[in-house]
>>> print(open('model18.txt').read())   # compact mmCIF, C-alpha atoms
# COMPACT_ATOMS: atom_id res chain seq x y z
CA MET A 19 40.37 35.99 43.48
CA ASP A 20 38.46 35.68 40.20
CA ALA A 21 40.11 38.84 38.91
CA TRP A 22 43.50 37.44 39.93
CA LYS A 23 42.88 34.22 38.00
CA ARG A 24 41.57 36.18 35.00
CA LEU A 25 44.84 38.10 34.98
CA GLY A 26 46.74 34.83 34.77
CA GLY A 27 44.45 33.63 32.02
CA PHE A 28 44.96 36.84 30.08
CA ILE A 29 48.73 36.53 30.27
CA GLY A 30 48.63 32.88 29.20
CA ALA A 31 46.26 33.51 26.30
CA ASN A 32 48.33 36.41 24.99
CA MET A 33 51.78 35.00 25.71
CA PRO A 34 53.08 35.13 22.10
CA VAL A 35 52.41 38.88 21.95
CA ILE A 36 53.61 39.47 25.51
CA VAL A 37 56.87 37.63 24.79
CA VAL A 38 57.60 39.94 21.89
CA GLY A 39 56.91 42.95 24.14
CA CYS A 40 59.18 41.56 26.88
CA VAL A 41 62.02 40.96 24.46
CA ALA A 42 61.61 44.43 22.96
CA ALA A 43 61.61 46.07 26.40
CA GLY A 44 64.72 44.19 27.49
CA VAL A 45 66.56 44.98 24.28
CA LEU A 46 65.62 48.67 24.22
CA PHE A 47 66.01 49.44 27.93
CA PRO A 48 68.75 47.15 29.30
CA ARG A 49 70.07 49.59 31.91
CA GLU A 50 66.67 50.55 33.26
CA LEU A 51 65.72 46.89 33.71
CA SER A 52 69.05 45.56 35.01
CA TRP A 53 67.65 45.53 38.58
CA LEU A 54 65.69 42.40 37.69
CA GLU A 55 68.74 40.19 37.14
CA PRO A 56 69.50 39.29 40.81
CA LEU A 57 65.87 38.25 41.30
CA VAL A 58 65.75 35.76 38.43
CA PRO A 59 66.93 32.57 40.23
CA ALA A 60 64.33 32.99 42.98
CA LEU A 61 61.57 33.83 40.48
CA PHE A 62 62.44 30.79 38.41
CA ALA A 63 62.49 28.48 41.43
CA PHE A 64 58.95 29.61 42.29
CA MET A 65 57.81 28.99 38.72
CA THR A 66 59.28 25.49 38.75
CA PHE A 67 57.61 24.71 42.08
CA GLN A 68 54.21 25.94 40.91
CA GLY A 69 54.49 24.15 37.57
CA SER A 70 55.32 20.86 39.32
CA LEU A 71 52.31 20.87 41.66
CA GLY A 72 50.42 18.70 39.16
CA ASN A 73 52.98 15.88 39.37
CA THR A 74 52.63 12.90 41.72
CA LEU A 75 54.75 9.88 42.55
CA GLY A 76 51.86 7.67 41.45
CA GLN A 77 51.84 9.13 37.93
CA LEU A 78 55.57 8.61 37.66
CA GLY A 79 55.22 5.01 38.81
CA GLU A 80 52.50 4.35 36.23
CA VAL A 81 54.78 5.42 33.39
CA LEU A 82 57.80 3.55 34.75
CA ARG A 83 55.89 0.29 34.46
CA HIS A 84 56.05 0.76 30.66
CA PRO A 85 59.19 2.90 30.29
CA LEU A 86 60.09 2.59 26.61
CA PRO A 87 58.34 5.77 25.36
CA LEU A 88 59.80 7.72 28.29
CA LEU A 89 63.30 6.41 27.60
CA VAL A 90 62.97 7.33 23.92
CA ILE A 91 61.83 10.87 24.79
CA LEU A 92 64.78 11.28 27.15
CA GLY A 93 67.16 9.82 24.58
CA VAL A 94 66.00 12.28 21.93
CA THR A 95 65.96 15.35 24.20
CA LEU A 96 69.05 14.66 26.31
CA VAL A 97 71.34 12.95 23.79
CA ALA A 98 70.30 12.99 20.14
CA MET A 99 69.15 16.62 19.74
CA PRO A 100 71.98 18.25 21.74
CA THR A 101 74.55 16.20 19.80
CA LEU A 102 73.00 16.98 16.42
CA ALA A 103 72.59 20.65 17.35
CA PHE A 104 76.26 20.82 18.29
CA LEU A 105 77.42 19.12 15.08
CA LEU A 106 75.26 21.26 12.80
CA SER A 107 76.03 24.55 14.56
CA SER A 108 79.75 23.74 14.58
CA ALA A 109 79.59 23.30 10.81
CA LEU A 110 77.43 26.35 10.13
CA PHE A 111 78.95 28.75 12.68
CA ALA A 112 82.51 27.47 12.88
CA GLY A 113 84.84 29.75 14.81
CA ASP A 114 82.09 31.25 16.97
CA PRO A 115 82.05 29.23 20.22
CA ASP A 116 79.57 31.61 21.90
CA ILE A 117 76.93 31.02 19.24
CA ILE A 118 77.57 27.27 19.33
CA ALA A 119 77.35 27.25 23.13
CA GLY A 120 74.04 29.14 23.02
CA ILE A 121 72.55 26.68 20.54
CA LEU A 122 73.79 23.74 22.61
CA ILE A 123 72.28 25.18 25.81
CA GLU A 124 68.98 25.71 23.98
CA TYR A 125 68.72 21.97 23.30
CA SER A 126 70.27 20.69 26.55
CA VAL A 127 67.71 22.16 28.95
CA PRO A 128 64.78 20.12 30.33
CA ILE A 129 61.48 19.57 28.58
CA GLY A 130 59.29 22.65 28.91
CA ILE A 131 56.51 22.46 31.48
CA VAL A 132 54.32 24.15 28.88
CA SER A 133 54.42 20.88 26.92
CA PHE A 134 51.92 19.44 29.40
CA MET A 135 49.41 22.14 28.43
CA TRP A 136 49.75 21.23 24.74
CA VAL A 137 49.59 17.49 25.49
CA GLY A 138 46.31 18.04 27.34
CA MET A 139 44.86 20.27 24.64
CA PHE A 140 45.49 17.67 21.93
CA SER A 141 44.38 14.61 23.93
CA GLY A 142 47.83 13.20 24.59
CA ASN A 143 49.08 10.80 27.26
CA THR A 144 49.26 13.17 30.22
CA ALA A 145 50.87 10.67 32.62
CA LEU A 146 53.76 10.16 30.20
CA GLY A 147 54.03 13.92 29.67
CA LEU A 148 54.25 14.60 33.39
CA ALA A 149 56.84 11.87 33.92
CA ALA A 150 59.04 13.10 31.08
CA ILE A 151 58.96 16.67 32.39
CA LEU A 152 59.75 15.56 35.92
CA VAL A 153 62.61 13.19 35.05
CA SER A 154 64.28 15.59 32.60
CA THR A 155 64.00 18.37 35.17
CA LEU A 156 65.40 16.34 38.05
CA VAL A 157 68.44 15.13 36.08
CA SER A 158 69.21 18.54 34.53
CA PRO A 159 71.74 19.59 37.21
CA ILE A 160 73.89 16.72 35.96
CA THR A 161 73.03 16.52 32.27
CA ILE A 162 73.43 20.20 31.34
CA PRO A 163 77.00 20.73 32.65
CA LEU A 164 77.97 17.24 31.43
CA THR A 165 76.64 17.88 27.92
CA LEU A 166 78.44 21.22 27.66
CA LYS A 167 81.68 19.72 28.93
CA LEU A 168 81.61 16.62 26.74
CA LEU A 169 80.64 18.35 23.51
CA MET A 170 82.46 21.67 23.80
CA GLY A 171 85.30 20.71 26.12
CA ALA A 172 88.02 23.33 26.24
CA SER A 173 86.13 25.65 23.87
CA ILE A 174 84.25 27.13 26.83
CA GLN A 175 84.89 27.47 30.53
CA VAL A 176 82.13 25.73 32.49
CA ASP A 177 81.98 26.04 36.27
CA ALA A 178 80.24 22.66 36.55
CA PRO A 179 79.86 22.50 40.36
CA ALA A 180 78.38 26.00 40.57
CA MET A 181 76.06 25.31 37.62
CA MET A 182 74.93 22.02 39.17
CA LEU A 183 74.14 23.80 42.43
CA ASP A 184 72.17 26.52 40.63
CA MET A 185 70.22 23.96 38.59
CA THR A 186 69.45 22.01 41.74
CA LEU A 187 68.15 25.10 43.54
CA MET A 188 66.25 26.54 40.58
CA ILE A 189 64.88 23.40 38.93
CA ALA A 190 65.38 20.01 40.60
CA ALA A 191 64.62 20.88 44.24
CA PRO A 192 61.53 23.04 43.51
CA ALA A 193 60.21 20.41 41.07
CA LEU A 194 60.60 17.65 43.63
CA GLY A 195 59.12 19.94 46.30
CA GLY A 196 56.02 20.63 44.22
CA MET A 197 55.43 16.95 43.64
CA VAL A 198 55.89 16.10 47.33
CA VAL A 199 53.52 18.88 48.41
CA ASN A 200 50.86 17.61 46.04
CA ASP A 201 51.29 14.04 47.29
CA LEU A 202 51.29 14.93 50.99
CA THR A 203 48.23 17.16 50.65
CA LYS A 204 46.36 14.53 48.58
CA GLY A 205 45.89 16.82 45.56
CA TRP A 206 45.34 20.10 47.42
CA GLY A 207 48.57 21.42 45.86
CA CYS A 208 47.18 20.86 42.37
CA ASP A 209 43.53 21.70 42.98
CA VAL A 210 43.88 24.74 45.25
CA LEU A 211 47.46 26.03 45.59
CA SER A 212 48.51 25.81 41.93
CA PRO A 213 45.57 27.81 40.49
CA VAL A 214 46.13 30.54 43.09
CA ALA A 215 49.88 30.67 42.42
CA ALA A 216 49.60 30.36 38.62
CA PRO A 217 49.00 34.08 37.84
CA LEU A 218 52.01 35.05 39.96
CA SER A 219 54.05 32.40 38.15
CA LYS A 220 53.08 33.92 34.79
CA ILE A 221 53.99 37.41 36.03
CA PHE A 222 57.36 36.07 37.13
CA LEU A 223 57.83 34.52 33.68
CA VAL A 224 57.23 37.92 32.08
CA LEU A 225 59.87 39.46 34.37
CA ILE A 226 62.35 36.66 33.65
CA ILE A 227 61.99 36.96 29.89
CA THR A 228 62.38 40.73 30.15
CA SER A 229 65.48 40.43 32.34
CA ASN A 230 67.11 37.78 30.16
CA SER A 231 66.48 39.89 27.06
CA THR A 232 68.62 42.72 28.42
CA ALA A 233 71.70 40.51 28.02
CA MET A 234 71.27 40.29 24.26
CA SER A 235 70.47 43.98 23.73
CA GLU A 236 73.77 44.84 22.10
CA TYR A 237 73.57 41.88 19.74
CA VAL A 238 70.01 42.53 18.59
CA LEU A 239 70.58 46.26 18.13
CA HIS A 240 73.65 45.44 16.02
CA MET A 241 72.11 42.62 14.02
CA THR A 242 74.31 40.75 11.55
CA TRP A 243 73.67 38.16 8.88
CA THR A 244 75.19 35.56 11.18
CA ARG A 245 72.66 36.31 13.90
CA LEU A 246 69.81 36.18 11.41
CA GLY A 247 71.17 32.79 10.36
CA VAL A 248 71.16 31.70 14.00
CA ALA A 249 67.50 32.70 14.37
CA LEU A 250 66.59 30.71 11.24
CA PHE A 251 68.55 27.72 12.54
CA ILE A 252 66.71 27.83 15.88
CA LEU A 253 63.36 28.03 14.08
CA LEU A 254 64.05 25.02 11.86
CA PHE A 255 65.76 22.89 14.49
CA THR A 256 63.00 23.50 17.02
CA LEU A 257 60.49 22.42 14.37
CA SER A 258 62.54 19.27 13.81
CA GLY A 259 62.09 18.34 17.48
CA PHE A 260 58.37 17.79 16.94
CA ALA A 261 59.20 15.62 13.91
CA TRP A 262 61.74 13.60 15.92
CA GLY A 263 59.07 12.76 18.46
CA ALA A 264 56.51 11.83 15.82
CA LEU A 265 58.99 9.62 13.95
CA MET A 266 60.04 7.79 17.12
CA ALA A 267 56.38 7.27 18.01
CA ARG A 268 55.70 5.76 14.60
CA ALA A 269 58.74 3.49 14.92
CA LEU A 270 57.48 2.25 18.30
CA ARG A 271 53.90 1.89 16.97
CA VAL A 272 52.48 3.52 20.07
CA SER A 273 48.92 4.75 20.56
CA ALA A 274 47.83 8.13 19.20
CA PRO A 275 47.79 9.80 22.66
CA THR A 276 51.35 8.61 23.36
CA ALA A 277 52.46 9.81 19.91
CA VAL A 278 51.07 13.28 20.66
CA THR A 279 53.00 13.40 23.93
CA MET A 280 56.24 12.23 22.36
CA SER A 281 56.03 14.91 19.68
CA PHE A 282 55.35 17.79 22.06
CA ASP A 283 57.91 16.64 24.63
CA CYS A 284 60.64 16.39 22.01
CA GLY A 285 59.77 19.78 20.53
CA LEU A 286 59.33 22.02 23.59
CA ARG A 287 62.13 23.08 25.94
CA ASN A 288 62.29 25.03 29.19
CA ILE A 289 63.87 28.04 27.53
CA SER A 290 63.62 30.19 30.64
CA SER A 291 66.07 27.89 32.43
CA GLY A 292 68.42 27.98 29.45
CA ALA A 293 68.36 31.76 29.39
CA VAL A 294 69.11 31.92 33.11
CA ILE A 295 72.11 29.61 32.62
CA ALA A 296 73.35 31.65 29.67
CA VAL A 297 73.04 34.96 31.50
CA ARG A 298 74.75 33.71 34.67
CA TYR A 299 77.64 31.81 33.14
CA PHE A 300 78.32 33.02 29.60
CA PRO A 301 78.82 36.19 27.51
CA GLY A 302 75.81 38.00 26.10
CA GLU A 303 76.23 36.48 22.65
CA VAL A 304 75.34 33.08 24.14
CA VAL A 305 71.94 34.41 25.26
CA PHE A 306 70.89 35.34 21.72
CA PRO A 307 70.30 31.78 20.36
CA VAL A 308 68.56 30.73 23.57
CA MET A 309 66.12 33.64 23.56
CA CYS A 310 65.31 33.11 19.89
CA GLY A 311 63.48 29.96 20.90
CA THR A 312 61.13 32.01 23.07
CA LEU A 313 59.76 33.69 19.96
CA PHE A 314 59.09 30.44 18.08
CA GLN A 315 58.02 27.70 20.48
CA GLN A 316 54.34 28.51 21.03
CA LEU A 317 53.60 29.11 17.35
CA LEU A 318 55.38 25.91 16.34
CA ALA A 319 53.54 23.93 19.03
CA SER A 320 50.21 25.13 17.68
CA LEU A 321 51.17 24.16 14.12
CA ALA A 322 52.48 20.77 15.25
CA GLY A 323 49.24 20.05 17.12
CA ARG A 324 47.14 20.83 14.07
CA ALA A 325 49.39 18.65 11.90
CA MET A 326 49.06 15.72 14.32
CA THR A 327 45.27 15.91 14.38
CA ARG A 328 45.19 15.77 10.60
CA ALA A 329 47.74 12.94 10.45
CA THR A 330 45.88 10.79 12.98
CA GLY A 331 42.41 11.62 11.73
CA ARG A 332 41.35 12.84 15.16
CA ARG A 333 39.25 15.90 15.95
CA ASP A 334 40.72 19.12 14.52
CA THR A 335 39.84 21.35 17.46
CA PRO A 336 42.02 21.26 20.56
CA ARG A 337 40.28 20.81 23.88
CA GLU A 338 41.01 22.23 27.29
CA PRO A 339 43.51 20.12 29.23
CA GLU A 340 41.98 17.81 31.84
CA ASN A 341 44.59 18.71 34.44
CA ARG A 342 43.50 21.70 36.52
CA CYS A 343 47.04 22.71 37.36
CA ASP A 344 48.52 25.50 35.30
CA GLY A 345 52.21 25.33 34.43
CA GLU A 346 54.69 27.98 33.33
CA LEU A 347 55.07 28.89 29.71
CA GLY A 348 58.80 28.67 29.30
>>> encode(input="model18.txt", output="structure tokens")
Amino acid sequence: MDAWKRLGGFIGANMPVIVVGCVAAGVLFPRELSWLEPLVPALFAFMTFQGSLGNTLGQLGEVLRHPLPLLVILGVTLVAMPTLAFLLSSALFAGDPDIIAGILIEYSVPIGIVSFMWVGMFSGNTALGLAAILVSTLVSPITIPLTLKLLMGASIQVDAPAMMLDMTLMIAAPALGGMVVNDLTKGWGCDVLSPVAAPLSKIFLVLIITSNSTAMSEYVLHMTWTRLGVALFILLFTLSGFAWGALMARALRVSAPTAVTMSFDCGLRNISSGAVIAVRYFPGEVVFPVMCGTLFQQLLASLAGRAMTRATGRRDTPREPENRCDGELG
């Protein structure tokens, strides 16, 4: 069992390098790895379940008693950033609805479960972080199709009922299931089940990233200036998410831990879910902007954490998160 957990730790610690390897494998060997595609929804559902085992109804209730920071996080991630991403990408990449759709999907997906890891490392408000992840995940079957339909309209064909069903099965239901298991077992789900399942969850993440990368093989191998521009846009706009959170926290005059959480939650998205949506419902060109975020998120999160410690005058060295449950890194 120790070796199994060390494997999970190794994958987590080396995720930036592993992600690059996964993307390269998917791009270079799309046919050889195509067998992974039918497995992705089930793999992702398991990851969501495992990543949600640290959530409880009690933690959600604690945050709901003082909901303003949570509402601001949801407003930024579900409304402001998708709308701004759509407006900017429409201006910069006019006439290319696939690129615009990919960018919009990138910023319409739920808050990344990995944000909880960063919140814990930099002494943030973990209860708020968990609540924001849970709520954004549970509403995603409605918000993602609705956002695409409202902002892009007739520019793309969205099978909203099918997408809502997929999002419910892959994200909302497993997330709720993980929380219920943890509640009913009085923490056994977090303390025992999650650490055992975490290495398998990380292996599944590697397979998902590799599978999703096969869909953008043609576009990466035939790189254009437009696609390079898309990658730069994703880099800068993802960075702006951390700034959005920090600015909103300053406007609300919240505590330093809450400010840390707001910044990470606004900056980190569940890219794996976005890639799954793009692969299942859209042409390969749509996958390219979504997968670009995979390459940038962890590096940007590290830089944002260091910047926040300097700005708040707190300790400059991140600590291990208090929560013993290990989430996915999407």
>>> residues_around(input="model18.txt", residues="A:Ser320", least_positions_apart="3", cutoff="10 Å", atoms="all atoms listed in the file", output="ChimeraX atom specification")
/A:136,140,282,315-317,323-325,336
>>> write_last_selection(input="model18.txt", atoms="C-alpha atoms", output="PDB file, in the frame of the given file")
ATOM      1  CA  TRP A 136      49.750  21.230  24.740  1.00  0.00           C
ATOM      2  CA  PHE A 140      45.490  17.670  21.930  1.00  0.00           C
ATOM      3  CA  PHE A 282      55.350  17.790  22.060  1.00  0.00           C
ATOM      4  CA  GLN A 315      58.020  27.700  20.480  1.00  0.00           C
ATOM      5  CA  GLN A 316      54.340  28.510  21.030  1.00  0.00           C
ATOM      6  CA  LEU A 317      53.600  29.110  17.350  1.00  0.00           C
ATOM      7  CA  GLY A 323      49.240  20.050  17.120  1.00  0.00           C
ATOM      8  CA  ARG A 324      47.140  20.830  14.070  1.00  0.00           C
ATOM      9  CA  ALA A 325      49.390  18.650  11.900  1.00  0.00           C
ATOM     10  CA  PRO A 336      42.020  21.260  20.560  1.00  0.00           C
TER      11      PRO A 336
END
>>> closest_residue(input="model18.txt", among="A:Val198, A:Leu46, A:Val278, A:Ala109", to="A:His240", atoms="only C-alpha atoms")
A:Leu46
>>> residues_around(input="model18.txt", residues="A:Gly195", least_positions_apart="6", cutoff="12 Å", atoms="all atoms listed in the file", output="ChimeraX atom specification")
/A:63-75,152,156,186-189,201-202,207
>>> write_last_selection(input="model18.txt", atoms="C-alpha atoms", output="JSON list (two decimals), in the coordinates of the input")
[["chain", "number", "residue", "atom", "x", "y", "z"],
["A", 63, "ALA", "CA", 62.49, 28.48, 41.43],
["A", 64, "PHE", "CA", 58.95, 29.61, 42.29],
["A", 65, "MET", "CA", 57.81, 28.99, 38.72],
["A", 66, "THR", "CA", 59.28, 25.49, 38.75],
["A", 67, "PHE", "CA", 57.61, 24.71, 42.08],
["A", 68, "GLN", "CA", 54.21, 25.94, 40.91],
["A", 69, "GLY", "CA", 54.49, 24.15, 37.57],
["A", 70, "SER", "CA", 55.32, 20.86, 39.32],
["A", 71, "LEU", "CA", 52.31, 20.87, 41.66],
["A", 72, "GLY", "CA", 50.42, 18.70, 39.16],
["A", 73, "ASN", "CA", 52.98, 15.88, 39.37],
["A", 74, "THR", "CA", 52.63, 12.90, 41.72],
["A", 75, "LEU", "CA", 54.75, 9.88, 42.55],
["A", 152, "LEU", "CA", 59.75, 15.56, 35.92],
["A", 156, "LEU", "CA", 65.40, 16.34, 38.05],
["A", 186, "THR", "CA", 69.45, 22.01, 41.74],
["A", 187, "LEU", "CA", 68.15, 25.10, 43.54],
["A", 188, "MET", "CA", 66.25, 26.54, 40.58],
["A", 189, "ILE", "CA", 64.88, 23.40, 38.93],
["A", 201, "ASP", "CA", 51.29, 14.04, 47.29],
["A", 202, "LEU", "CA", 51.29, 14.93, 50.99],
["A", 207, "GLY", "CA", 48.57, 21.42, 45.86]]
>>> closest_residue(input="model18.txt", among="A:Ser281, A:Ser235, A:Thr276, A:Thr312", to="A:Val45", atoms="all atoms listed in the file")
A:Ser235
>>> axis_aligned_box(input="model18.txt", around="stretch 95-103 of chain A", padding_each_side="3 Å", output="JSON")
{"center_x": 70.3, "center_y": 16.8, "center_z": 21.4, "size_x": 14.6, "size_y": 13.7, "size_z": 15.9}
>>> closest_residue(input="model18.txt", among="A:Asn230, A:Thr95, A:Ser273, A:Thr165", to="A:Val294", atoms="only C-alpha atoms")
A:Asn230
>>> residues_around(input="model18.txt", residues="A:Gly311", least_positions_apart="4", cutoff="8 Å", atoms="all atoms listed in the file", output="number ranges by chain")
A: 124, 252-253, 256, 289, 307, 315
>>> write_last_selection(input="model18.txt", atoms="C-alpha atoms", output="mmCIF file, in the coordinates of the input")
data_model
loop_
_atom_site.group_PDB
_atom_site.id
_atom_site.type_symbol
_atom_site.label_atom_id
_atom_site.label_comp_id
_atom_site.auth_asym_id
_atom_site.auth_seq_id
_atom_site.Cartn_x
_atom_site.Cartn_y
_atom_site.Cartn_z
ATOM 1 C CA GLU A 124 68.980 25.710 23.980
ATOM 2 C CA ILE A 252 66.710 27.830 15.880
ATOM 3 C CA LEU A 253 63.360 28.030 14.080
ATOM 4 C CA THR A 256 63.000 23.500 17.020
ATOM 5 C CA ILE A 289 63.870 28.040 27.530
ATOM 6 C CA PRO A 307 70.300 31.780 20.360
ATOM 7 C CA GLN A 315 58.020 27.700 20.480
#
>>> closest_residue(input="model18.txt", among="A:Val97, A:Arg24, A:Ile160, A:Leu225", to="A:Gly39", atoms="only C-alpha atoms")
A:Leu225
